[in-house]
Each structure stands twice: as structure tokens, then as C-alpha cells.
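Reproduced below: coords19.cif, with mmCIF, C-alpha atoms.
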data_work
#
loop_
_atom_site.label_atom_id
_atom_site.label_comp_id
_atom_site.auth_asym_id
_atom_site.auth_seq_id
_atom_site.Cartn_x
_atom_site.Cartn_y
_atom_site.Cartn_z
CA MET R 192 -28.69 18.09 49.05
CA ILE R 193 -29.52 20.71 46.39
CA ARG R 194 -26.82 19.34 44.08
CA PHE R 195 -28.15 15.83 44.52
CA ALA R 196 -31.70 16.98 43.76
CA LEU R 197 -30.54 18.75 40.60
CA ALA R 198 -28.55 15.70 39.51
CA ALA R 199 -31.54 13.43 40.15
CA ALA R 200 -33.83 15.74 38.18
CA ALA R 201 -31.40 15.76 35.24
CA GLY R 202 -31.15 12.00 35.60
CA ALA R 203 -34.92 11.67 35.23
CA LEU R 204 -34.68 13.28 31.81
CA GLY R 205 -31.95 10.82 30.85
CA VAL R 206 -33.99 7.87 32.12
CA ALA R 207 -37.04 8.95 30.10
CA ALA R 208 -35.00 9.47 26.94
CA LEU R 209 -33.14 6.14 27.20
CA ALA R 210 -36.22 4.12 28.11
CA ALA R 211 -38.20 5.60 25.22
CA ALA R 212 -35.36 5.03 22.75
CA LEU R 213 -34.44 1.48 23.75
CA PHE R 214 -37.73 -0.13 24.78
CA GLU R 215 -41.34 -0.07 23.68
CA GLY R 216 -43.40 1.25 26.59
CA GLY R 217 -42.37 1.26 30.21
CA THR R 218 -41.04 4.81 30.35
CA LEU R 219 -43.37 5.68 33.22
CA VAL R 220 -42.21 2.59 35.14
CA ALA R 221 -38.60 3.62 34.66
CA LEU R 222 -39.34 7.16 35.82
CA ALA R 223 -41.29 5.92 38.85
CA LEU R 224 -38.42 3.64 39.92
CA HIS R 225 -35.87 6.42 39.42
CA GLY R 226 -38.02 8.87 41.40
CA ALA R 227 -38.53 6.45 44.29
CA GLY R 228 -34.84 5.61 44.40
CA ALA R 229 -33.83 9.27 44.32
CA ALA R 230 -36.26 10.13 47.13
CA LEU R 231 -34.94 7.34 49.36
CA ALA R 232 -31.35 8.31 48.53
CA ALA R 233 -32.06 11.93 49.44
CA LEU R 234 -33.32 10.82 52.86
CA GLY R 235 -30.19 8.75 53.40
CA LEU R 236 -28.01 11.64 52.25
CA ALA R 237 -29.52 13.92 54.88
CA ARG R 238 -29.02 11.32 57.62
CA SER R 239 -25.60 9.81 57.04
CA HIS R 240 -23.46 11.89 54.68
CA PRO R 241 -21.10 13.89 56.90
CA HIS R 242 -19.34 15.80 54.10
CA SER R 243 -20.30 19.17 52.66
CA ALA R 244 -19.39 18.02 49.14
CA LEU R 245 -21.57 15.47 47.36
CA GLY R 246 -18.61 13.82 45.65
CA LEU R 247 -18.19 12.18 42.27
CA ALA R 248 -18.72 8.74 43.79
CA ASN R 249 -22.35 9.43 44.64
CA LEU R 250 -22.94 10.83 41.16
CA VAL R 251 -21.58 7.60 39.68
CA THR R 252 -23.89 5.59 41.92
CA LEU R 253 -26.77 7.82 40.84
CA LEU R 254 -25.86 7.04 37.22
CA ARG R 255 -25.95 3.34 38.05
CA MET R 256 -29.39 3.82 39.60
CA MET R 257 -30.55 5.50 36.39
CA LEU R 258 -29.42 2.47 34.36
CA VAL R 259 -31.33 0.15 36.71
CA ALA R 260 -34.45 2.27 36.27
CA VAL R 261 -34.13 2.08 32.47
CA LEU R 262 -33.70 -1.70 32.66
CA ALA R 263 -37.02 -1.94 34.50
CA ALA R 264 -38.93 -0.43 31.56
CA PRO R 265 -39.58 -3.76 29.75
CA LEU R 266 -41.26 -5.20 32.86
CA VAL R 267 -44.58 -3.60 31.89
CA PRO R 268 -47.20 -6.09 30.62
CA GLY R 269 -46.42 -6.87 27.02
CA GLY R 270 -42.99 -5.28 27.25
CA SER R 271 -39.91 -6.86 25.74
CA ALA R 272 -36.20 -6.20 25.59
CA ALA R 273 -33.45 -7.14 23.15
CA GLY R 274 -30.93 -9.32 24.95
CA TRP R 275 -27.88 -7.36 23.86
CA VAL R 276 -29.43 -4.08 25.02
CA VAL R 277 -30.02 -5.51 28.51
CA VAL R 278 -26.51 -7.02 28.57
CA ALA R 279 -24.90 -3.72 27.54
CA LEU R 280 -26.76 -1.56 30.07
CA ALA R 281 -26.28 -4.04 32.91
CA ALA R 282 -22.60 -4.52 32.08
CA VAL R 283 -22.00 -0.77 32.32
CA ALA R 284 -23.85 -0.67 35.66
CA LEU R 285 -21.70 -3.54 36.95
CA ALA R 286 -18.46 -2.05 35.65
CA LEU R 287 -19.18 1.25 37.40
CA ASP R 288 -19.69 -0.61 40.68
CA GLY R 289 -15.98 -0.52 41.39
CA VAL R 290 -15.56 3.09 40.31
CA ASP R 291 -17.73 4.79 42.92
CA GLY R 292 -15.91 3.28 45.90
CA TRP R 293 -12.52 4.15 44.40
CA LEU R 294 -13.62 7.74 43.81
CA ALA R 295 -14.96 8.08 47.36
CA ARG R 296 -11.66 6.94 48.83
CA ARG R 297 -9.59 9.05 46.44
CA GLN R 298 -11.57 12.21 47.26
CA GLY R 299 -11.70 11.43 50.97
CA LEU R 300 -15.51 11.45 50.86
CA ALA R 301 -16.33 7.90 51.90
CA SER R 302 -19.44 7.69 54.07
CA GLY R 303 -22.06 5.34 55.44
CA PHE R 304 -24.52 6.84 52.99
CA GLY R 305 -22.31 6.11 49.98
CA ALA R 306 -21.77 2.51 51.01
CA ARG R 307 -25.50 1.97 51.61
CA PHE R 308 -26.48 3.74 48.38
CA ASP R 309 -24.11 1.53 46.41
CA MET R 310 -25.41 -1.65 48.08
CA GLU R 311 -29.05 -0.80 47.45
CA VAL R 312 -28.38 -0.08 43.78
CA ASP R 313 -26.65 -3.47 43.51
CA SER R 314 -29.69 -5.13 45.08
CA ALA R 315 -32.09 -3.32 42.76
CA LEU R 316 -30.00 -4.26 39.73
CA ALA R 317 -30.07 -7.94 40.73
CA LEU R 318 -33.82 -7.93 41.30
CA VAL R 319 -34.61 -6.17 38.00
CA LEU R 320 -32.35 -8.53 36.01
CA ALA R 321 -33.90 -11.55 37.70
CA ALA R 322 -37.42 -10.31 36.98
CA LEU R 323 -36.48 -9.65 33.35
CA ALA R 324 -35.05 -13.15 32.93
CA TRP R 325 -38.26 -14.64 34.29
CA ALA R 326 -40.48 -12.35 32.19
CA GLU R 327 -38.54 -13.20 29.03
CA GLY R 328 -38.89 -16.93 29.74
CA THR R 329 -35.15 -17.50 29.92
CA VAL R 330 -35.62 -19.36 33.18
CA GLY R 331 -38.49 -20.01 35.58
CA PRO R 332 -39.33 -18.19 38.83
CA VAL R 333 -36.38 -19.92 40.48
CA VAL R 334 -34.28 -17.04 39.10
CA LEU R 335 -35.86 -14.77 41.70
CA LEU R 336 -33.64 -16.54 44.23
CA LEU R 337 -30.85 -14.40 42.77
CA GLY R 338 -32.79 -11.18 43.14
CA LEU R 339 -34.52 -11.42 46.50
CA PRO R 340 -31.93 -12.40 49.17
CA ARG R 341 -31.10 -8.82 50.20
CA TYR R 342 -34.78 -7.92 50.57
CA VAL R 343 -35.53 -11.09 52.55
CA PHE R 344 -32.60 -10.24 54.82
CA VAL R 345 -33.88 -6.68 55.38
CA ALA R 346 -37.40 -7.94 56.09
CA ALA R 347 -36.04 -10.46 58.60
CA SER R 348 -34.07 -7.71 60.36
CA ARG R 349 -37.36 -5.97 61.16
CA VAL R 350 -38.37 -9.03 63.16
CA LEU R 351 -34.89 -9.86 64.47
CA PRO R 352 -33.16 -6.50 65.14
CA TRP R 353 -29.78 -8.13 65.73
CA LEU R 354 -29.62 -8.82 61.99
CA ASP R 355 -29.27 -5.08 61.45
CA GLY R 356 -25.89 -4.95 63.15
CA PRO R 357 -22.62 -3.93 61.47
CA LEU R 358 -20.78 -6.59 59.50
CA PRO R 359 -17.03 -6.98 59.00
CA ASP R 360 -15.76 -6.09 55.56
CA ARG R 361 -15.21 -9.27 53.53
CA ARG R 362 -13.88 -9.56 49.99
CA SER R 363 -15.71 -12.85 49.57
CA ARG R 364 -19.06 -11.06 50.06
CA LYS R 365 -18.19 -8.59 47.30
CA LEU R 366 -17.00 -11.41 45.05
CA VAL R 367 -20.26 -13.33 45.47
CA CYS R 368 -22.20 -10.14 44.67
CA VAL R 369 -20.22 -9.64 41.45
CA VAL R 370 -20.76 -13.30 40.47
CA GLN R 371 -24.47 -12.94 41.24
CA ILE R 372 -24.94 -9.94 38.94
CA ALA R 373 -22.60 -11.27 36.25
CA THR R 374 -24.65 -14.47 36.16
CA LEU R 375 -27.88 -12.52 35.86
CA ILE R 376 -26.36 -10.59 32.95
CA ALA R 377 -25.24 -13.84 31.32
CA LEU R 378 -28.83 -15.13 31.42
CA HIS R 379 -29.70 -12.40 28.91
CA LEU R 380 -27.02 -13.35 26.39
CA PRO R 381 -28.65 -14.24 23.08
CA GLY R 382 -27.99 -17.85 22.21
CA LEU R 383 -27.41 -19.01 25.78
CA PRO R 384 -28.39 -22.73 25.84
CA ALA R 385 -31.65 -23.10 27.77
CA ALA R 386 -30.32 -26.13 29.62
CA MET R 387 -27.52 -24.05 31.16
CA ALA R 388 -29.76 -21.52 32.90
CA PRO R 389 -31.31 -23.57 35.78
CA PRO R 390 -28.07 -25.21 37.03
CA LEU R 391 -26.26 -21.88 36.73
CA VAL R 392 -28.94 -20.17 38.83
CA LEU R 393 -28.88 -22.92 41.45
CA ALA R 394 -25.08 -22.87 41.71
CA VAL R 395 -24.96 -19.11 42.30
CA THR R 396 -27.92 -19.34 44.69
CA ALA R 397 -25.88 -21.80 46.75
CA ALA R 398 -23.02 -19.27 46.87
CA LEU R 399 -25.43 -16.54 47.98
CA LEU R 400 -26.88 -18.75 50.70
CA TRP R 401 -23.37 -19.50 51.94
CA SER R 402 -22.47 -15.79 52.01
CA PHE R 403 -25.67 -14.67 53.72
CA GLY R 404 -25.59 -17.66 56.07
CA ARG R 405 -22.08 -16.79 57.22
CA ASP R 406 -23.13 -13.18 57.87
CA VAL R 407 -26.21 -14.30 59.80
CA LEU R 408 -24.11 -16.61 61.93
CA TRP R 409 -21.61 -13.82 62.64
CA LEU R 410 -24.41 -11.40 63.62
CA TRP R 411 -26.04 -14.03 65.84
CA ARG R 412 -22.79 -14.59 67.71
CA ALA R 413 -22.27 -10.82 68.08
CA ARG R 414 -25.87 -10.01 69.03
CA GLY R 415 -25.07 -9.40 72.71
#

How does this structure look as C-alpha cells?
Amino acid sequence: MIRFALAAAAGALGVAALAAALFEGGTLVALALHGAGAALAALGLARSHPHSALGLANLVTLLRMMLVAVLAAPLVPGGSAAGWVVVALAAVALALDGVDGWLARRQGLASGFGARFDMEVDSALALVLAALAWAEGTVGPVVLLLGLPRYVFVAASRVLPWLDGPLPDRRSRKLVCVVQIATLIALHLPGLPAAMAPPLVLAVTAALLWSFGRDVLWLWRARG
């Protein structure tokens, strides 16, 4: 826990420096998001991390969370972001997504906390990229369909507790997640034809609905 707190504190300095260097304004937003994420992660670490060592995997996920926090900086009123900067930061965050799980398995430090931490960072990355695409006018509010599914699912599980049950591991779920985030990154590519954005968003939304729908059906059948 102490190591995680120290890493998160050092990460806050990195978030502030990157946000200030890459974007005009929004440093406080980036720091607030990083602080909230670190606090929630610390709670999860205390509850469901059975190992004495923190592990490199969780540090990589923390780095990914830092990048998400920096990406949120341009969301302040009047903020803006250069497309290639967003693409570069988000691409690094996506590329590191496969590294943390591999490190956890290699070090023998896989845990429920690590898996949940990784998933929540993925969800936050998708939501921030979707909000940025809308704020920049790349596509309309329909893009939020690519950023909100996880949060709608969690909210629904508060009303329907059986939705909070364990799910079988599926490669297709991970593939859809990668496609979701890769598409959100692509929406920030400079020169992307405006006509391509809406059908691209709708196509990936359909894939997300299929993935979540299959999980909901599985949980409903297993609710007893």
C-alpha cells in the first residue's frame, strides 16, 4: 500500500508536468482525475490484492491511468488538443494494455484487484476519448455510446445484483474492447474524413451491444 501511494504521488507530478506541457489549461482536471483514480485503486488494493509485493503489472496500469488523466485535460471549457498528441498518448495507453497482464502472470502476481484495475482504466480511457471526440466536433454525442457502456452496466448491476456475477473469460470480449478503443483513437486522426466517423461509431457500437448483450444473457441464465 505504501509503495502504491508513493508511486501515485510521483505519478501526480508526471501528470501535472505532461498536462501543462501538452495542453493549454486543464492541469487541475488531470490532477483531480488522477487523484480520484488513485484513491479508488488504493481501496481496491487493500480489499483484493492477496500478494505482499505490488508487482510491475500494477505500476504499468498506474502509468496507463496517468495517461488517461492527462488526456482529460483538454475537456475544460475552451480547451483544445492537437489530434496527433491525443493519438500518441492514447496509443501508448492501449499498447500497454497487454503488458500489465503479461507481467502479472510472469511474476505470479495476478489478482482480482489487478484485473479490475486494468478494466476500469480501459473504461476511463474509452470515456475520455469519446468525450474528447465530441468536444472537438469530430462526431456528435452519438460517440458517447462508445464510452458509456461499462458505466451503464455497473449502474444496472446496482438495481439487478445478478449482473455483478463473475463472467467466463472470453477472447472476443477483449477483442471488442481493443476495437472500441482503437476506433476512438482513430477518430482523433487528423484528416479523417468527417463522413467516416458516424458509421464507424455505429458499427463498433453494434459490436459492443453484442458483447455486453451476450454477457447479460449469460449472467441472467446463471443468476440462480

- prompt: If we count all atoms listed in the file, what is near range 256-268 of chain R at a cut-off of 8 Å, once residues fewer than 6 positions away on the same chain are taken out, given as a PyMOL selection string?
  reply: chain R and resi 202-203+205-207+209-210+214-222+224-225+228+277+280-281+284+312+315-316+319-320+322-323+326

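Counting all atoms listed in the file, Ala200 in chain R has the following residues at most 9 Å away, ignoring those fewer than 5 positions along the same chain: Phe195, Gly226 and Ala229 of chain R.
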
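Here the PyMOL selection byres ((chain R and resi 406-415) around 12) matches the residues Arg341, Phe344, Val345, Ala347, Ser348, Leu351, Pro352, Trp353, Leu354, Asp355, Gly356, Pro357, Leu358, Pro359, Asp360, Arg361, Ser363, Arg364, Leu399, Leu400, Trp401, Ser402, Phe403, Gly404 and Arg405 of chain R.
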
On this structure, the PyMOL selection byres ((chain R and resi 376) around 12) would catch which residues? List them as a ChimeraX atom specification, sorted by chain and number.
/R:262,274-286,316-324,329,334,337,369-375,377-381,383,388,391-392

(Q) List as a list in words the protein and nucleic acid residues near range 238-247 of chain R, meaning an atom at most 9 Å away when only C-alpha atoms are counted, but skip any in the same chain fewer than 2 places from it. (A) Met192, Arg194, Phe195, Ala233, Leu234, Gly235, Leu236, Asn249, Leu250, Val251, Thr252, Asp291, Leu294, Ala295, Gln298, Leu300, Ala301, Ser302, Gly303, Phe304 and Gly305 of chain R

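Proximity of R:Trp325, R:Ala211, R:Asp313, R:Tyr342 to Asp288 in chain R, computed with all atoms listed in the file, is greatest for R:Asp313.
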
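Nearest residue to Ser314 in chain R among R:Gly292, R:Cys368, R:Leu336, R:Gly328 is R:Cys368, counting only C-alpha atoms.
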
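Going from CA of Gly299 in chain R to CA of Leu231 in chain R covers 23.7 Å.
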